[in-house]
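Raw query33.cif, mmCIF, C-alpha atoms and all ligand atoms:
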data_coords
loop_
_atom_site.group_PDB
_atom_site.id
_atom_site.type_symbol
_atom_site.label_atom_id
_atom_site.label_comp_id
_atom_site.auth_asym_id
_atom_site.auth_seq_id
_atom_site.Cartn_x
_atom_site.Cartn_y
_atom_site.Cartn_z
ATOM 1 C CA MET L 1 82.963 99.546 117.728
ATOM 2 C CA PRO L 2 86.204 98.185 116.186
ATOM 3 C CA TRP L 3 88.386 101.207 115.741
ATOM 4 C CA ALA L 4 89.429 100.956 112.095
ATOM 5 C CA THR L 5 85.824 101.581 111.106
ATOM 6 C CA SER L 6 85.217 104.230 113.756
ATOM 7 C CA ILE L 7 85.867 107.003 111.254
ATOM 8 C CA GLU L 8 82.564 108.735 111.252
ATOM 9 C CA HIS L 9 80.268 107.679 108.447
ATOM 10 C CA ARG L 10 80.374 110.032 105.502
ATOM 11 C CA ALA L 11 77.298 110.415 103.424
ATOM 12 C CA PHE L 12 77.886 109.294 99.889
ATOM 13 C CA CYS L 13 75.067 111.589 98.770
ATOM 14 C CA PRO L 14 73.868 109.543 95.833
ATOM 15 C CA GLU L 15 72.055 111.568 93.255
ATOM 16 C CA PRO L 16 68.657 110.280 92.164
ATOM 17 C CA LYS L 17 69.196 107.087 90.193
ATOM 18 C CA ALA L 18 69.165 107.598 86.459
ATOM 19 C CA LYS L 19 66.385 105.828 84.622
ATOM 20 C CA SER L 20 68.623 105.063 81.631
ATOM 21 C CA PRO L 21 69.413 101.417 80.774
ATOM 22 C CA MET L 22 72.814 101.763 82.500
ATOM 23 C CA SER L 23 71.377 102.664 85.880
ATOM 24 C CA ALA L 24 73.956 101.712 88.526
ATOM 25 C CA LYS L 25 75.388 104.474 90.631
ATOM 26 C CA LEU L 26 79.170 104.173 90.776
ATOM 27 C CA ILE L 27 80.520 104.344 94.312
ATOM 28 C CA ASP L 28 83.340 106.848 94.058
ATOM 29 C CA GLY L 29 86.197 105.507 96.188
ATOM 30 C CA LYS L 30 88.420 108.405 95.189
ATOM 31 C CA ILE L 31 86.125 111.086 96.620
ATOM 32 C CA LEU L 32 85.512 109.086 99.780
ATOM 33 C CA ALA L 33 89.265 108.516 100.202
ATOM 34 C CA GLU L 34 89.979 112.233 99.726
ATOM 35 C CA LYS L 35 87.494 113.117 102.490
ATOM 36 C CA ILE L 36 89.099 110.627 104.866
ATOM 37 C CA LYS L 37 92.582 111.938 104.063
ATOM 38 C CA LEU L 38 91.506 115.528 104.612
ATOM 39 C CA GLU L 39 90.122 114.644 108.025
ATOM 40 C CA LEU L 40 93.288 112.717 108.948
ATOM 41 C CA ARG L 41 95.481 115.606 107.844
ATOM 42 C CA GLY L 42 93.630 117.903 110.232
ATOM 43 C CA LYS L 43 94.238 115.496 113.128
ATOM 44 C CA ILE L 44 97.883 114.705 112.310
ATOM 45 C CA ILE L 45 98.807 118.371 112.023
ATOM 46 C CA GLN L 46 97.995 118.701 115.726
ATOM 47 C CA MET L 47 100.256 115.820 116.808
ATOM 48 C CA ASP L 48 103.648 116.698 118.328
ATOM 49 C CA LYS L 49 105.182 113.369 117.336
ATOM 50 C CA LYS L 50 104.155 112.572 113.760
ATOM 51 C CA PRO L 51 103.189 109.023 112.768
ATOM 52 C CA ALA L 52 105.926 107.306 110.733
ATOM 53 C CA LEU L 53 105.296 104.358 108.429
ATOM 54 C CA ALA L 54 108.113 102.115 107.185
ATOM 55 C CA SER L 55 107.422 99.885 104.207
ATOM 56 C CA ILE L 56 109.370 96.844 103.085
ATOM 57 C CA LEU L 57 109.254 95.744 99.463
ATOM 58 C CA ILE L 58 110.855 92.473 98.487
ATOM 59 C CA GLY L 59 111.554 91.782 94.826
ATOM 60 C CA ASN L 60 110.591 93.951 91.871
ATOM 61 C CA ASP L 61 106.951 93.239 91.077
ATOM 62 C CA PRO L 62 105.811 96.332 89.108
ATOM 63 C CA SER L 63 102.326 96.438 90.724
ATOM 64 C CA SER L 64 103.852 96.284 94.217
ATOM 65 C CA GLU L 65 106.300 99.036 93.291
ATOM 66 C CA LEU L 66 103.377 101.166 92.136
ATOM 67 C CA TYR L 67 101.429 100.519 95.372
ATOM 68 C CA ILE L 68 104.425 101.577 97.444
ATOM 69 C CA LYS L 69 104.695 104.809 95.451
ATOM 70 C CA LEU L 70 100.963 105.500 95.933
ATOM 71 C CA LYS L 71 101.201 104.777 99.654
ATOM 72 C CA ALA L 72 104.258 107.057 99.967
ATOM 73 C CA LYS L 73 102.443 109.886 98.182
ATOM 74 C CA ALA L 74 99.320 109.453 100.319
ATOM 75 C CA CYS L 75 101.372 109.458 103.549
ATOM 76 C CA LEU L 76 103.066 112.688 102.591
ATOM 77 C CA GLU L 77 99.694 114.264 101.740
ATOM 78 C CA VAL L 78 98.404 113.728 105.287
ATOM 79 C CA GLY L 79 101.652 114.421 107.161
ATOM 80 C CA ILE L 80 102.731 110.827 107.888
ATOM 81 C CA GLU L 81 106.483 110.275 107.555
ATOM 82 C CA PHE L 82 107.273 107.492 105.124
ATOM 83 C CA SER L 83 110.360 105.377 104.527
ATOM 84 C CA SER L 84 110.917 102.429 102.187
ATOM 85 C CA TYR L 85 113.225 99.451 102.461
ATOM 86 C CA PHE L 86 113.847 97.600 99.199
ATOM 87 C CA LEU L 87 115.213 94.076 99.333
ATOM 88 C CA SER L 88 116.056 91.797 96.446
ATOM 89 C CA GLU L 89 114.133 88.599 95.802
ATOM 90 C CA ASP L 90 117.168 86.500 96.779
ATOM 91 C CA CYS L 91 117.974 88.414 99.993
ATOM 92 C CA GLY L 92 116.998 85.491 102.238
ATOM 93 C CA GLU L 93 114.642 85.348 105.215
ATOM 94 C CA GLU L 94 117.302 86.323 107.767
ATOM 95 C CA LYS L 95 117.931 89.640 106.031
ATOM 96 C CA ILE L 96 114.199 90.430 106.130
ATOM 97 C CA PHE L 97 114.063 89.557 109.840
ATOM 98 C CA GLU L 98 117.036 91.856 110.422
ATOM 99 C CA VAL L 99 115.195 94.785 108.800
ATOM 100 C CA ILE L 100 111.944 94.041 110.655
ATOM 101 C CA ASP L 101 113.764 93.722 114.008
ATOM 102 C CA PHE L 102 115.525 97.026 113.373
ATOM 103 C CA LEU L 103 112.192 98.760 112.601
ATOM 104 C CA ASN L 104 110.459 97.087 115.562
ATOM 105 C CA LYS L 105 113.070 98.655 117.863
ATOM 106 C CA ASP L 106 113.139 102.075 116.178
ATOM 107 C CA GLU L 107 111.056 104.375 118.400
ATOM 108 C CA GLN L 108 110.545 106.865 115.574
ATOM 109 C CA ILE L 109 108.708 104.235 113.482
ATOM 110 C CA THR L 110 105.076 103.817 114.543
ATOM 111 C CA GLY L 111 103.924 101.463 111.771
ATOM 112 C CA ILE L 112 105.444 98.749 109.571
ATOM 113 C CA LEU L 113 104.042 97.396 106.326
ATOM 114 C CA ILE L 114 105.346 94.531 104.218
ATOM 115 C CA GLN L 115 104.011 94.855 100.703
ATOM 116 C CA LEU L 116 102.304 91.659 99.532
ATOM 117 C CA PRO L 117 102.406 89.342 97.734
ATOM 118 C CA LEU L 118 105.916 88.220 98.639
ATOM 119 C CA PRO L 119 107.975 86.363 96.048
ATOM 120 C CA LYS L 120 107.041 82.649 96.117
ATOM 121 C CA ASN L 121 110.152 81.479 97.988
ATOM 122 C CA PHE L 122 109.096 83.240 101.238
ATOM 123 C CA ASP L 123 106.775 82.114 104.040
ATOM 124 C CA THR L 124 104.398 85.107 104.263
ATOM 125 C CA ASP L 125 102.802 84.181 107.617
ATOM 126 C CA LYS L 126 106.189 83.670 109.286
ATOM 127 C CA ILE L 127 107.536 86.992 108.013
ATOM 128 C CA ILE L 128 104.432 88.962 108.997
ATOM 129 C CA ALA L 129 104.497 87.351 112.460
ATOM 130 C CA ARG L 130 107.878 88.994 113.037
ATOM 131 C CA ILE L 131 106.353 92.523 113.035
ATOM 132 C CA SER L 132 105.582 93.856 116.531
ATOM 133 C CA PRO L 133 101.781 93.617 116.887
ATOM 134 C CA GLU L 134 101.616 97.284 117.951
ATOM 135 C CA LYS L 135 103.232 98.305 114.631
ATOM 136 C CA ASP L 136 101.302 95.924 112.326
ATOM 137 C CA VAL L 137 99.283 98.534 110.399
ATOM 138 C CA ASP L 138 97.709 95.900 108.140
ATOM 139 C CA GLY L 139 96.190 94.100 111.114
ATOM 140 C CA PHE L 140 97.384 90.833 109.605
ATOM 141 C CA GLN L 141 98.448 89.202 112.857
ATOM 142 C CA PRO L 142 95.786 87.005 114.464
ATOM 143 C CA GLN L 143 95.845 88.895 117.766
ATOM 144 C CA SER L 144 95.609 92.291 116.057
ATOM 145 C CA LYS L 145 92.824 94.620 117.143
ATOM 146 C CA ILE L 146 92.944 96.638 113.941
ATOM 147 C CA ILE L 147 91.137 95.798 110.742
ATOM 148 C CA SER L 148 92.874 95.232 107.436
ATOM 149 C CA PRO L 149 92.581 98.398 105.306
ATOM 150 C CA THR L 150 91.069 96.428 102.416
ATOM 151 C CA VAL L 151 88.279 95.108 104.637
ATOM 152 C CA SER L 152 87.534 98.440 106.346
ATOM 153 C CA GLY L 153 87.740 100.213 102.956
ATOM 154 C CA ILE L 154 85.133 97.863 101.515
ATOM 155 C CA ILE L 155 82.861 98.342 104.524
ATOM 156 C CA GLU L 156 83.130 102.128 104.210
ATOM 157 C CA LEU L 157 82.227 101.905 100.497
ATOM 158 C CA ILE L 158 79.150 99.817 101.317
ATOM 159 C CA LYS L 159 78.104 102.170 104.137
ATOM 160 C CA SER L 160 78.506 105.174 101.853
ATOM 161 C CA THR L 161 75.544 104.040 99.754
ATOM 162 C CA GLY L 162 73.350 104.932 102.729
ATOM 163 C CA GLU L 163 71.323 101.742 102.198
ATOM 164 C CA ASN L 164 69.867 99.990 105.240
ATOM 165 C CA LEU L 165 72.089 96.938 105.788
ATOM 166 C CA LYS L 166 69.890 95.086 108.282
ATOM 167 C CA ASN L 167 69.361 91.441 107.292
ATOM 168 C CA LYS L 168 70.966 91.973 103.888
ATOM 169 C CA LYS L 169 72.506 88.914 102.254
ATOM 170 C CA VAL L 170 76.230 89.535 101.730
ATOM 171 C CA VAL L 171 78.137 87.042 99.567
ATOM 172 C CA ILE L 172 81.940 87.160 99.447
ATOM 173 C CA LEU L 173 83.228 85.476 96.323
ATOM 174 C CA SER L 174 86.951 85.033 96.826
ATOM 175 C CA ASN L 175 89.786 82.589 96.227
ATOM 176 C CA SER L 176 90.538 82.685 99.942
ATOM 177 C CA GLU L 177 88.093 81.977 102.757
ATOM 178 C CA LYS L 178 90.512 83.856 105.031
ATOM 179 C CA PHE L 179 89.640 87.064 103.163
ATOM 180 C CA ALA L 180 85.955 86.623 104.058
ATOM 181 C CA GLU L 181 86.417 85.905 107.787
ATOM 182 C CA PRO L 182 86.713 89.477 109.164
ATOM 183 C CA PHE L 183 83.493 90.583 107.462
ATOM 184 C CA LYS L 184 81.313 88.315 109.610
ATOM 185 C CA PRO L 185 81.919 90.026 112.987
ATOM 186 C CA LEU L 186 82.087 93.472 111.345
ATOM 187 C CA MET L 187 78.798 93.151 109.454
ATOM 188 C CA ARG L 188 76.772 91.487 112.178
ATOM 189 C CA GLU L 189 73.535 93.083 111.019
ATOM 190 C CA CYS L 190 73.902 91.219 107.702
ATOM 191 C CA ASN L 191 73.833 87.581 106.728
ATOM 192 C CA VAL L 192 77.420 87.098 105.470
ATOM 193 C CA SER L 193 78.534 83.976 103.617
ATOM 194 C CA TYR L 194 81.654 82.871 101.761
ATOM 195 C CA LEU L 195 81.490 81.517 98.219
ATOM 196 C CA SER L 196 84.407 79.794 96.492
ATOM 197 C CA PRO L 197 84.861 80.369 92.752
ATOM 198 C CA LYS L 198 85.471 76.593 92.581
ATOM 199 C CA ALA L 199 81.781 75.947 93.404
ATOM 200 C CA SER L 200 79.722 74.407 90.601
ATOM 201 C CA SER L 201 78.533 76.959 88.061
ATOM 202 C CA SER L 202 74.897 76.455 89.116
ATOM 203 C CA GLU L 203 75.765 76.978 92.808
ATOM 204 C CA LEU L 204 77.891 79.996 91.932
ATOM 205 C CA LYS L 205 75.112 81.608 89.977
ATOM 206 C CA ALA L 206 72.436 80.759 92.553
ATOM 207 C CA GLN L 207 74.480 82.318 95.366
ATOM 208 C CA SER L 208 75.826 85.365 93.539
ATOM 209 C CA SER L 209 72.505 86.265 91.964
ATOM 210 C CA SER L 210 70.705 86.166 95.301
ATOM 211 C CA ALA L 211 73.191 88.481 97.055
ATOM 212 C CA ASP L 212 72.043 91.955 98.085
ATOM 213 C CA ILE L 213 75.722 92.833 98.432
ATOM 214 C CA LEU L 214 78.276 90.909 96.369
ATOM 215 C CA ILE L 215 81.983 91.353 97.141
ATOM 216 C CA VAL L 216 84.184 89.895 94.402
ATOM 217 C CA ALA L 217 87.910 89.126 94.703
ATOM 218 C CA VAL L 218 88.738 86.334 92.279
ATOM 219 C CA GLY L 219 91.346 87.855 89.956
ATOM 220 C CA LYS L 220 89.442 87.010 86.752
ATOM 221 C CA PRO L 221 88.853 90.065 84.557
ATOM 222 C CA LYS L 222 85.197 90.971 83.936
ATOM 223 C CA SER L 223 84.103 87.453 84.952
ATOM 224 C CA ILE L 224 80.976 88.526 86.863
ATOM 225 C CA LYS L 225 78.308 88.972 84.238
ATOM 226 C CA THR L 226 74.821 90.442 84.254
ATOM 227 C CA ASP L 227 73.127 87.063 84.809
ATOM 228 C CA MET L 228 75.170 86.503 87.994
ATOM 229 C CA VAL L 229 73.935 89.536 89.931
ATOM 230 C CA LYS L 230 70.711 90.466 91.700
ATOM 231 C CA LYS L 231 68.565 93.347 90.529
ATOM 232 C CA ASN L 232 69.181 96.527 92.552
ATOM 233 C CA SER L 233 72.064 94.948 94.462
ATOM 234 C CA THR L 234 75.398 96.507 95.481
ATOM 235 C CA ILE L 235 78.566 95.125 93.887
ATOM 236 C CA ILE L 236 82.031 95.672 95.359
ATOM 237 C CA ASP L 237 84.783 94.845 92.887
ATOM 238 C CA VAL L 238 88.099 94.022 94.579
ATOM 239 C CA GLY L 239 89.772 92.653 91.438
ATOM 240 C CA ILE L 240 92.750 94.340 89.826
ATOM 241 C CA ASN L 241 93.600 92.853 86.428
ATOM 242 C CA LYS L 242 95.577 94.179 83.502
ATOM 243 C CA ILE L 243 94.173 93.817 79.990
ATOM 244 C CA ALA L 244 96.270 95.352 77.220
ATOM 245 C CA GLY L 245 97.830 97.730 79.744
ATOM 246 C CA LYS L 246 94.433 98.781 81.117
ATOM 247 C CA THR L 247 93.347 98.079 84.694
ATOM 248 C CA VAL L 248 89.993 96.299 84.918
ATOM 249 C CA GLY L 249 88.099 94.633 87.747
ATOM 250 C CA ASP L 250 86.560 91.190 88.174
ATOM 251 C CA VAL L 251 83.100 92.569 87.353
ATOM 252 C CA ASP L 252 81.826 93.298 83.855
ATOM 253 C CA PRO L 253 80.585 96.945 83.885
ATOM 254 C CA GLU L 254 77.575 95.673 81.896
ATOM 255 C CA VAL L 255 76.090 94.667 85.290
ATOM 256 C CA ASP L 256 75.276 98.366 85.668
ATOM 257 C CA LYS L 257 72.105 97.626 83.699
ATOM 258 C CA VAL L 258 70.881 95.528 86.618
ATOM 259 C CA VAL L 259 72.483 96.594 89.894
ATOM 260 C CA ALA L 260 71.932 99.711 92.014
ATOM 261 C CA TYR L 261 75.534 100.437 93.049
ATOM 262 C CA ARG L 262 78.944 99.288 91.880
ATOM 263 C CA SER L 263 82.431 100.218 93.050
ATOM 264 C CA PRO L 264 84.504 100.613 89.883
ATOM 265 C CA VAL L 265 88.058 99.534 89.104
ATOM 266 C CA PRO L 266 90.062 101.707 89.104
ATOM 267 C CA GLY L 267 88.641 104.259 91.537
ATOM 268 C CA GLY L 268 86.817 102.065 94.056
ATOM 269 C CA VAL L 269 88.439 99.749 96.603
ATOM 270 C CA GLY L 270 92.019 100.789 95.658
ATOM 271 C CA PRO L 271 91.976 104.404 96.905
ATOM 272 C CA MET L 272 89.921 103.380 99.941
ATOM 273 C CA THR L 273 92.463 100.720 100.935
ATOM 274 C CA ILE L 274 95.160 103.397 100.985
ATOM 275 C CA ALA L 275 92.992 105.870 102.931
ATOM 276 C CA MET L 276 92.147 103.249 105.546
ATOM 277 C CA LEU L 277 95.814 102.265 105.801
ATOM 278 C CA LEU L 278 96.580 105.895 106.684
ATOM 279 C CA ALA L 279 93.768 105.818 109.249
ATOM 280 C CA ASN L 280 95.350 102.718 110.828
ATOM 281 C CA VAL L 281 98.793 104.369 110.885
ATOM 282 C CA TYR L 282 97.310 107.426 112.599
ATOM 283 C CA LYS L 283 95.410 105.393 115.176
ATOM 284 C CA MET L 284 98.386 103.183 116.028
ATOM 285 C CA ALA L 285 100.611 106.240 116.459
ATOM 286 C CA ARG L 286 98.016 107.957 118.641
ATOM 287 C CA GLY L 287 97.661 104.809 120.779
HETATM 288 N N1 LIG L 301 99.034 93.969 98.739
HETATM 289 C C1 LIG L 301 97.764 94.057 98.305
HETATM 290 N N2 LIG L 301 96.950 94.532 99.284
HETATM 291 C C2 LIG L 301 97.731 94.733 100.358
HETATM 292 C C3 LIG L 301 97.480 95.215 101.677
HETATM 293 O O1 LIG L 301 96.358 95.545 102.068
HETATM 294 N N3 LIG L 301 98.567 95.273 102.499
HETATM 295 C C4 LIG L 301 99.803 94.899 102.110
HETATM 296 N N4 LIG L 301 100.796 94.984 103.001
HETATM 297 N N5 LIG L 301 100.077 94.448 100.903
HETATM 298 C C5 LIG L 301 99.048 94.373 100.026
#

Represent the supplied structure as structure tokens.
Amino acid sequence: MPWATSIEHRAFCPEPKAKSPMSAKLIDGKILAEKIKLELRGKIIQMDKKPALASILIGNDPSSELYIKLKAKACLEVGIEFSSYFLSEDCGEEKIFEVIDFLNKDEQITGILIQLPLPKNFDTDKIIARISPEKDVDGFQPQSKIISPTVSGIIELIKSTGENLKNKKVVILSNSEKFAEPFKPLMRECNVSYLSPKASSSELKAQSSSADILIVAVGKPKSIKTDMVKKNSTIIDVGINKIAGKTVGDVDPEVDKVVAYRSPVPGGVGPMTIAMLLANVYKMARG
């Protein structure tokens, strides 16, 4: 089993489904993340050499700054040492390489994370490739054996419903086909396909509304409507959008009238991504 998902499956313990018109059961990513963190804390406390994560933030995107703060807080909660390197948007590629090379060599640092997205003037793939593979806690490098925390977080959310996944149709609606790739080998028991939001509206609707599990990452607030989902399906909302200062997902909560489970935004994929990042940091430090 790939090791980022080897954290033992935790029962989500759904209560009996309500018979009210809004019947979806929300998949609580916060509770699941807290359980994972608690378990990690117990393991890290026993380690002589503590895991240490270094993060690099380039530029001053407010969302990225917030993510770094959340990651720092979560690391401290489980006993992972955390350090941050802040670079300005005009620092130049060489400066970033200098910081990465320094962290690659630092024996105290067991994991390195570069907060994405990078400002537009940088080549993301080239910069990520500079991280030593054994410290790449995001699993972004092609040869990496670990799974990206977003992907493993989503899989844990789906598993937590306790539904039988065999032969289920999984549709990944995303701007990037690259995002969908890791799900295929990890969800072998399912029939996983990628759907581009640029598909014709009839194709989009046909595919999304026949999915038993629909994973949505398109960055369009509340764009997945009730007529685009299958009855009793599971919906994983990866979108993070701001509307009038409020964070909303890509899925309209009205779908709750139709679907069986939905991961909400906030409180779904977000906390799980952080918990699974911590799990990766722990595993890479343990070796
Ligand atoms: N920005 C949004 N999601 C992620 C992630 O999973 N890892 C990193 N490094 N940056 C992100």

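With atom CA of L:Ser144 on one side and atom CA of L:Ile100 on the other, the separation reads 17.3 Å.
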
Select from chain L every residue with an atom at most 6 Å from any atom of ligand LIG 301 (chain L), then for each give the shortest pair of atoms and their distance in Å to one decimal, using all atoms listed in the file, rows by chain and rising number, as a Markdown table.
| residue | atom | partner | partner_atom | distance |
| --- | --- | --- | --- | --- |
| L:Leu113 | CA | L:LIG301 | N4 | 5.2 |
| L:Ile114 | CA | L:LIG301 | N4 | 4.7 |
| L:Gln115 | CA | L:LIG301 | N4 | 4.0 |
| L:Leu116 | CA | L:LIG301 | N5 | 3.8 |
| L:Pro117 | CA | L:LIG301 | N1 | 5.8 |
| L:Asp138 | CA | L:LIG301 | N3 | 5.7 |
| L:Pro149 | CA | L:LIG301 | O1 | 5.7 |
| L:Thr150 | CA | L:LIG301 | O1 | 5.4 |

Can you translate the PyMOL selection byres (((chain L and resi 238-246) around 7) and not hetatm) into the concrete residues it hits in this file, as a CSV table (one decimal) with C-alpha atoms, in the coordinates of the input?
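Result went into part23.csv, see below:
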chain,number,residue,atom,x,y,z
L,216,VAL,CA,84.2,89.9,94.4
L,217,ALA,CA,87.9,89.1,94.7
L,218,VAL,CA,88.7,86.3,92.3
L,219,GLY,CA,91.3,87.9,90.0
L,221,PRO,CA,88.9,90.1,84.6
L,236,ILE,CA,82.0,95.7,95.4
L,237,ASP,CA,84.8,94.8,92.9
L,247,THR,CA,93.3,98.1,84.7
L,248,VAL,CA,90.0,96.3,84.9
L,249,GLY,CA,88.1,94.6,87.7
L,250,ASP,CA,86.6,91.2,88.2
L,269,VAL,CA,88.4,99.7,96.6

Atomic separation - atom CA of L:Val192 relative to atom CA of L:Lys168, Å: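 Distance reported for this atom pair: 8.2 Å.
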
Surrounding residues of stretch 27-31 of chain L excluding itself and chain neighbours under 5 positions, 6 Å, all atoms listed in the file, as an MDAnalysis selection string: chainID L and resid 262:263 267:268 271:272

Edge lengths and centre in Å to one decimal, as AutoDock Vina command-line options, is what I'm after for the box along x, y and z that holds all listed atoms of stretch 227-236 of chain L once 6 Å is added on each side.
--center_x 75.3 --center_y 91.5 --center_z 90.1 --size_x 25.5 --size_y 22.0 --size_z 22.7

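Computed from the coordinates, the atom CA of L:Met228 to atom CA of L:Lys205 distance equals 5.3 Å.
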